[in-house]
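One file, start.pdb, is given below (PDB, C-alpha atoms, pLDDT in the B column).
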```
ATOM      1  CA  MET T   1      12.601 -14.067  11.473  1.00 34.00           C
ATOM      2  CA  LYS T   2      11.543 -11.960   8.534  1.00 38.00           C
ATOM      3  CA  THR T   3      12.630  -8.322   8.625  1.00 37.00           C
ATOM      4  CA  ILE T   4      12.185  -6.063   5.623  1.00 36.00           C
ATOM      5  CA  LYS T   5       9.413  -7.475   3.476  1.00 41.00           C
ATOM      6  CA  SER T   6       7.805  -4.852   1.299  1.00 39.00           C
ATOM      7  CA  LEU T   7       8.592  -1.500  -0.201  1.00 40.00           C
ATOM      8  CA  VAL T   8       5.516   0.516  -0.961  1.00 40.00           C
ATOM      9  CA  SER T   9       6.559   2.854  -3.717  1.00 41.00           C
ATOM     10  CA  VAL T  10       4.756   5.468  -5.699  1.00 34.00           C
ATOM     11  CA  ALA T  11       5.994   6.574  -9.083  1.00 34.00           C
ATOM     12  CA  ALA T  12       6.753  10.250  -9.501  1.00 31.00           C
ATOM     13  CA  LEU T  13       4.179  10.156 -12.265  1.00 32.00           C
ATOM     14  CA  ALA T  14       1.441  10.003  -9.639  1.00 36.00           C
ATOM     15  CA  ILE T  15       2.316  13.492  -8.445  1.00 36.00           C
ATOM     16  CA  SER T  16       3.507  15.048 -11.689  1.00 35.00           C
ATOM     17  CA  GLY T  17       0.120  16.598 -12.400  1.00 38.00           C
ATOM     18  CA  ILE T  18       0.395  18.927  -9.412  1.00 38.00           C
ATOM     19  CA  ALA T  19       2.884  21.710  -9.980  1.00 34.00           C
ATOM     20  CA  ALA T  20       3.444  22.453  -6.303  1.00 37.00           C
ATOM     21  CA  ALA T  21       4.073  18.823  -5.456  1.00 43.00           C
ATOM     22  CA  ALA T  22       5.892  17.744  -8.608  1.00 42.00           C
ATOM     23  CA  SER T  23       9.050  15.819  -7.891  1.00 46.00           C
ATOM     24  CA  SER T  24      11.415  13.600  -9.801  1.00 45.00           C
ATOM     25  CA  ASP T  25      11.920  11.411  -6.717  1.00 59.00           C
ATOM     26  CA  THR T  26      10.135   8.138  -6.157  1.00 71.00           C
ATOM     27  CA  HIS T  27       8.898   7.900  -2.598  1.00 77.00           C
ATOM     28  CA  SER T  28       8.913   4.664  -0.615  1.00 83.00           C
ATOM     29  CA  VAL T  29       8.298   3.375   2.885  1.00 86.00           C
ATOM     30  CA  VAL T  30       9.480   0.080   4.366  1.00 91.00           C
ATOM     31  CA  VAL T  31       6.675  -2.027   5.805  1.00 93.00           C
ATOM     32  CA  ARG T  32       7.792  -4.725   8.238  1.00 93.00           C
ATOM     33  CA  TYR T  33       5.619  -7.764   8.852  1.00 94.00           C
ATOM     34  CA  GLY T  34       7.825 -10.503  10.242  1.00 94.00           C
ATOM     35  CA  ASP T  35       5.689 -10.465  13.384  1.00 96.00           C
ATOM     36  CA  LEU T  36       2.478 -11.344  11.504  1.00 96.00           C
ATOM     37  CA  ASN T  37       1.004 -14.730  10.632  1.00 96.00           C
ATOM     38  CA  LEU T  38      -0.181 -14.406   7.040  1.00 96.00           C
ATOM     39  CA  ASN T  39      -2.053 -17.704   7.351  1.00 96.00           C
ATOM     40  CA  SER T  40      -4.540 -15.977   9.632  1.00 96.00           C
ATOM     41  CA  GLN T  41      -7.142 -13.424   8.620  1.00 94.00           C
ATOM     42  CA  ALA T  42      -6.040 -11.169  11.484  1.00 96.00           C
ATOM     43  CA  GLY T  43      -2.438 -11.179  10.237  1.00 97.00           C
ATOM     44  CA  VAL T  44      -3.465 -10.495   6.644  1.00 96.00           C
ATOM     45  CA  LYS T  45      -5.802  -7.694   7.718  1.00 96.00           C
ATOM     46  CA  SER T  46      -3.082  -6.141   9.868  1.00 97.00           C
ATOM     47  CA  LEU T  47      -0.523  -6.215   7.053  1.00 97.00           C
ATOM     48  CA  HIS T  48      -2.990  -4.712   4.589  1.00 97.00           C
ATOM     49  CA  LYS T  49      -3.629  -1.883   7.069  1.00 96.00           C
ATOM     50  CA  ARG T  50       0.122  -1.302   7.493  1.00 96.00           C
ATOM     51  CA  ILE T  51       0.564  -1.131   3.720  1.00 96.00           C
ATOM     52  CA  ARG T  52      -2.390   1.265   3.416  1.00 95.00           C
ATOM     53  CA  ASN T  53      -0.999   3.492   6.195  1.00 95.00           C
ATOM     54  CA  ALA T  54       2.389   3.547   4.464  1.00 94.00           C
ATOM     55  CA  ALA T  55       0.727   4.423   1.145  1.00 93.00           C
ATOM     56  CA  GLU T  56      -1.178   7.269   2.782  1.00 91.00           C
ATOM     57  CA  SER T  57       2.096   8.515   4.244  1.00 90.00           C
ATOM     58  CA  VAL T  58       3.872   8.350   0.876  1.00 88.00           C
ATOM     59  CA  CYS T  59       0.990  10.150  -0.834  1.00 88.00           C
ATOM     60  CA  SER T  60       0.406  12.638   1.994  1.00 82.00           C
ATOM     61  CA  GLU T  61       1.651  15.670   0.065  1.00 78.00           C
ATOM     62  CA  LEU T  62      -1.272  15.094  -2.288  1.00 75.00           C
ATOM     63  CA  ASN T  63      -3.819  15.010   0.539  1.00 66.00           C
ATOM     64  CA  VAL T  64      -5.142  18.523   0.186  1.00 70.00           C
ATOM     65  CA  SER T  65      -8.530  20.041   0.759  1.00 72.00           C
ATOM     66  CA  VAL T  66      -8.926  20.981  -2.907  1.00 72.00           C
ATOM     67  CA  LEU T  67     -11.639  18.591  -4.058  1.00 74.00           C
ATOM     68  CA  SER T  68     -10.342  18.335  -7.617  1.00 72.00           C
ATOM     69  CA  LEU T  69      -6.996  17.029  -6.296  1.00 76.00           C
ATOM     70  CA  ARG T  70      -8.564  14.433  -3.999  1.00 82.00           C
ATOM     71  CA  ASP T  71      -8.857  11.986  -6.904  1.00 84.00           C
ATOM     72  CA  THR T  72      -5.100  12.230  -7.471  1.00 86.00           C
ATOM     73  CA  TYR T  73      -4.449  11.402  -3.817  1.00 86.00           C
ATOM     74  CA  ASP T  74      -6.874   8.468  -3.905  1.00 89.00           C
ATOM     75  CA  GLN T  75      -5.244   7.122  -7.086  1.00 90.00           C
ATOM     76  CA  CYS T  76      -1.798   7.481  -5.529  1.00 89.00           C
ATOM     77  CA  VAL T  77      -2.862   5.527  -2.419  1.00 92.00           C
ATOM     78  CA  ASP T  78      -4.599   2.830  -4.474  1.00 94.00           C
ATOM     79  CA  GLN T  79      -1.537   2.401  -6.697  1.00 93.00           C
ATOM     80  CA  ALA T  80       0.867   2.248  -3.758  1.00 93.00           C
ATOM     81  CA  VAL T  81      -1.275  -0.301  -1.893  1.00 95.00           C
ATOM     82  CA  SER T  82      -1.531  -2.475  -5.006  1.00 95.00           C
ATOM     83  CA  GLU T  83       2.241  -2.326  -5.510  1.00 94.00           C
ATOM     84  CA  GLY T  84       2.901  -3.174  -1.856  1.00 95.00           C
ATOM     85  CA  VAL T  85       0.517  -6.133  -1.954  1.00 96.00           C
ATOM     86  CA  ALA T  86       2.133  -7.361  -5.186  1.00 95.00           C
ATOM     87  CA  GLU T  87       5.627  -7.155  -3.651  1.00 94.00           C
ATOM     88  CA  VAL T  88       4.625  -9.283  -0.674  1.00 95.00           C
ATOM     89  CA  ALA T  89       3.365 -11.919  -3.143  1.00 95.00           C
ATOM     90  CA  ASN T  90       1.261 -13.725  -0.550  1.00 96.00           C
ATOM     91  CA  PRO T  91      -1.922 -15.353  -1.916  1.00 96.00           C
ATOM     92  CA  ASN T  92      -3.903 -14.604   1.250  1.00 96.00           C
ATOM     93  CA  LEU T  93      -2.976 -10.919   1.152  1.00 96.00           C
ATOM     94  CA  SER T  94      -3.618 -10.735  -2.596  1.00 96.00           C
ATOM     95  CA  ASN T  95      -7.074 -12.289  -2.166  1.00 95.00           C
ATOM     96  CA  PHE T  96      -7.859  -9.965   0.732  1.00 96.00           C
ATOM     97  CA  HIS T  97      -6.848  -6.938  -1.332  1.00 96.00           C
ATOM     98  CA  ARG T  98      -8.616  -8.074  -4.500  1.00 94.00           C
ATOM     99  CA  ASN T  99     -11.842  -8.793  -2.604  1.00 92.00           C
ATOM    100  CA  LYS T 100     -11.617  -5.692  -0.400  1.00 88.00           C
ATOM    101  CA  GLY T 101     -11.305  -7.670   2.807  1.00 81.00           C
ATOM    102  CA  LYS T 102     -14.058 -10.188   2.048  1.00 71.00           C
ATOM    103  CA  THR T 103     -12.054 -13.335   1.611  1.00 54.00           C
ATOM    104  CA  ALA T 104     -11.116 -16.463   3.506  1.00 55.00           C
ATOM    105  CA  VAL T 105      -7.505 -17.237   4.324  1.00 53.00           C
ATOM    106  CA  LEU T 106      -5.996 -20.157   2.424  1.00 58.00           C
ATOM    107  CA  ALA T 107      -3.859 -22.565   4.431  1.00 59.00           C
ATOM    108  CA  SER T 108      -0.244 -22.846   3.334  1.00 59.00           C
ATOM    109  CA  ASN T 109       3.093 -24.083   4.646  1.00 54.00           C
TER
END
```
If you convert what's in this file into C-alpha cells, what do you get?
Amino acid sequence: MKTIKSLVSVAALAISGIAAAASSDTHSVVVRYGDLNLNSQAGVKSLHKRIRNAAESVCSELNVSVLSLRDTYDQCVDQAVSEGVAEVANPNLSNFHRNKGKTAVLASN
C-alpha cells in the first residue's frame, strides 16, 4: 500500500514580501493518498482537495483580512497546489488540475 506520496511545499519566497510573516523556512505538509483510486474521478477529486487543504494550511499565515495581502495568499496556495500535483505525477490528477476539475479520468494500469 502506498504511504507518503506528496509533499506540498511553498518556497519562502512566497511569504518574503510580508515583513511580519517573513521566514527563511520552507513549509511543507505530507499528503497521504494510498487509500484513493486515482483511476476514478472521485479519487482524483478527493486527492486534489487534500492537496488544496494542505496548501491552505501551509499558506495560512498569509490568510489575513488585509485585502492587499489576499493576492499573496492566493498565489501561495496556487503555487503549493501546482507543486503538489506535479509531485504526484499522475496524468488524471494533472488533467483535473489543469482543467479545473472539468476532465475525464484516463484509464491506466
To one decimal in Å, tell me the separation between CA of Leu38 (chain T) and CA of Pro91 (chain T).
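These atoms are spaced 9.2 Å apart.
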Tell me which residues the PyMOL selection byres ((chain T and resi 52) around 12) grabs here, as a ChimeraX atom specification.
/T:7-9,29-31,45-51,53-60,74,76-85,97
Convert the current residue selection to file output with C-alpha atoms, as a PDB file, in the frame of the given file.
```pdb
ATOM      1  CA  LEU T   7       8.592  -1.500  -0.201  1.00 40.00           C
ATOM      2  CA  VAL T   8       5.516   0.516  -0.961  1.00 40.00           C
ATOM      3  CA  SER T   9       6.559   2.854  -3.717  1.00 41.00           C
ATOM      4  CA  VAL T  29       8.298   3.375   2.885  1.00 86.00           C
ATOM      5  CA  VAL T  30       9.480   0.080   4.366  1.00 91.00           C
ATOM      6  CA  VAL T  31       6.675  -2.027   5.805  1.00 93.00           C
ATOM      7  CA  LYS T  45      -5.802  -7.694   7.718  1.00 96.00           C
ATOM      8  CA  SER T  46      -3.082  -6.141   9.868  1.00 97.00           C
ATOM      9  CA  LEU T  47      -0.523  -6.215   7.053  1.00 97.00           C
ATOM     10  CA  HIS T  48      -2.990  -4.712   4.589  1.00 97.00           C
ATOM     11  CA  LYS T  49      -3.629  -1.883   7.069  1.00 96.00           C
ATOM     12  CA  ARG T  50       0.122  -1.302   7.493  1.00 96.00           C
ATOM     13  CA  ILE T  51       0.564  -1.131   3.720  1.00 96.00           C
ATOM     14  CA  ASN T  53      -0.999   3.492   6.195  1.00 95.00           C
ATOM     15  CA  ALA T  54       2.389   3.547   4.464  1.00 94.00           C
ATOM     16  CA  ALA T  55       0.727   4.423   1.145  1.00 93.00           C
ATOM     17  CA  GLU T  56      -1.178   7.269   2.782  1.00 91.00           C
ATOM     18  CA  SER T  57       2.096   8.515   4.244  1.00 90.00           C
ATOM     19  CA  VAL T  58       3.872   8.350   0.876  1.00 88.00           C
ATOM     20  CA  CYS T  59       0.990  10.150  -0.834  1.00 88.00           C
ATOM     21  CA  SER T  60       0.406  12.638   1.994  1.00 82.00           C
ATOM     22  CA  ASP T  74      -6.874   8.468  -3.905  1.00 89.00           C
ATOM     23  CA  CYS T  76      -1.798   7.481  -5.529  1.00 89.00           C
ATOM     24  CA  VAL T  77      -2.862   5.527  -2.419  1.00 92.00           C
ATOM     25  CA  ASP T  78      -4.599   2.830  -4.474  1.00 94.00           C
ATOM     26  CA  GLN T  79      -1.537   2.401  -6.697  1.00 93.00           C
ATOM     27  CA  ALA T  80       0.867   2.248  -3.758  1.00 93.00           C
ATOM     28  CA  VAL T  81      -1.275  -0.301  -1.893  1.00 95.00           C
ATOM     29  CA  SER T  82      -1.531  -2.475  -5.006  1.00 95.00           C
ATOM     30  CA  GLU T  83       2.241  -2.326  -5.510  1.00 94.00           C
ATOM     31  CA  GLY T  84       2.901  -3.174  -1.856  1.00 95.00           C
ATOM     32  CA  VAL T  85       0.517  -6.133  -1.954  1.00 96.00           C
ATOM     33  CA  HIS T  97      -6.848  -6.938  -1.332  1.00 96.00           C
TER      34      HIS T  97
END
```
Minimum-distance residue to Leu62 (chain T), chosen among T:Leu93, T:Gly43, T:Gln75, T:Lys102 (using all atoms listed in the file)
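Result for the nearest residue to Leu62 (chain T): T:Gln75.
Distance-wise, CA of Lys100 (chain T) and CA of Arg70 (chain T) end up 20.7 Å apart.
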Which of T:Glu61, T:Tyr73, T:Arg32, T:Ser40 sits closest to Asn92 (chain T) [using all atoms listed in the file]
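Looking only at the distances to Asn92 (chain T), the closest residue turns out to be T:Ser40.
Here CA of Asn95 (chain T) stands at a distance of 25.2 Å from CA of Thr72 (chain T).
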Let me have the centre and edge lengths in Å, one decimal, of the box along x, y and z around every listed atom of region 87-92 of chain T with 3 Å of margin on each side, as JSON.
```
{"center_x": 0.9, "center_y": -11.3, "center_z": -1.2, "size_x": 15.5, "size_y": 14.2, "size_z": 10.9}
```
